[in-house]
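**Student:** To start, I am sharing the structure in question, which I have written as structure tokens.
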Amino acid sequence: MDQNHQVTAMPESEVTNNNSGMHRRNFLKIFGGTAAAAVVVASCDKDDDDNDTGIDLGSGDVGILNYAYALEQLEAAFYTQVIATPYTGITAVETEYLTDIRDHEVAHRNFFKAAITAAGATPVQDLVPNFSSVNFTSRDSVLGTAKAFEDLGVSAYNGAGKLIANVDYLLIAGKIVSVEARHAALIRDLISNGSFADSSVINGQGLDVASTPRDVVATANQFLNTKISARNLPTS
């Protein structure tokens, strides 16, 4: 099977720990545009039906936990594929960066599954990704998709924060979104050295954008064979 059409269930197995630290980067200039633009434009073609059909994520705090768990499954599966089938010309440093991100996303995925179980609820089933639009042999395609996923993840956590009732969950979400934002900045710097953000993710008040669960699910479903539904998630 071609690397750009591999579709597998998202793994629950442990990954090898990578204790090496991230190299320091120079984040000085504002990002001006990359191959990610094509992914983002495609992702903006939302279908509200995605929110009314598919696997119900649930309601209340458990629903929000399942929402985050589903997104982390998607990201973990993507970076696992990136490391399993490195793109042409990947450097040792890029491999280190992307392996670190993979390990973080797998840890986030496993954390949410455990948190849902600890709350006495059932985690959403293992999702099957659809990465047919990604050419895993191409650096531009991989990093462009990574940028789109990281930006989506940050905006998803920002939008879900106000919907969480349990302050303990809110605290954890704040710790995770900060890590996702570090990932987003790093990916942008890999695409264009010295860049980290632009007006598409930071508004005129210097604040990160926030997206509703319905909008995020509509975008995420474009990368999933197993569709998810936000129909019962809280909205305020």
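Naming scheme: A, B, ... for chains in displayed order of the structure tokens; residues 1 onward per chain; ligands 1 onward as shown.
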Can you pull out the residues contacting Arg102 (chain A)? Cut-off 7 Å, using only C-alpha atoms, and skip same-chain residues under 2 positions away; I want them as a list in words.

**Tutor:**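 Everything that qualifies: Ala76, Tyr79, Thr80, Leu98, Thr99, Asp100, His104, Glu105 and Val106 of chain A.
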
**Student:** Please list as a ChimeraX atom specification every residue within 10 Å of Ala146 (chain A), counting only C-alpha atoms and excluding residues in the same chain fewer than 5 positions away.

**Tutor:** /A:36,39,75,78-79,82,98,140-141,151-152,183-184,187-188

**Student:** Taking only C-alpha atoms into account, name the residue in A:Leu207, A:Val216, A:Ile101, A:Ile164 that is nearest to Glu180 (chain A).

**Tutor:**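 Closest to Glu180 (chain A) of all the choices is A:Ile101.
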
**Student:** Please determine, counting only C-alpha atoms, which residue among A:Gln81, A:Asn193, A:Ser155, A:Thr122 has the shortest atom-to-atom distance to Gly63 (chain A).

**Tutor:**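 Distance minimum relative to Gly63 (chain A) lands on A:Thr122.
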
**Student:** Take CA of Asn225 (chain A) and CA of Phe111 (chain A) and report the distance between them in Å, one decimal.

**Tutor:**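 Computing the Euclidean distance for CA of Asn225 (chain A) and CA of Phe111 (chain A) yields 23.2 Å.
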
**Student:** Using only C-alpha atoms, which residue out of A:Val209, A:Ile55, A:Ala156, A:Ala218 lies closest to Ala173 (chain A)?

**Tutor:**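 Of the candidates, the smallest distance to Ala173 (chain A) is held by A:Ala156.
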
**Student:** Compile the contact shell of Gly153 (chain A) as a ChimeraX atom specification: residues with an atom at most 8 Å away, counting only C-alpha atoms, same-chain residues fewer than 3 positions apart removed.

**Tutor:** /A:71,149-150,156-157,177,180

**Student:** Tell me which of A:Ala165, A:Ser199, A:Ser132, A:Val154 sits closest to Ser178 (chain A), counting only C-alpha atoms.

**Tutor:** A:Val154

**Student:** CA of Thr219 (chain A) and CA of Leu74 (chain A) are how many Å apart?

**Tutor:**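 That distance, rounded to one decimal, is 11.6 Å.
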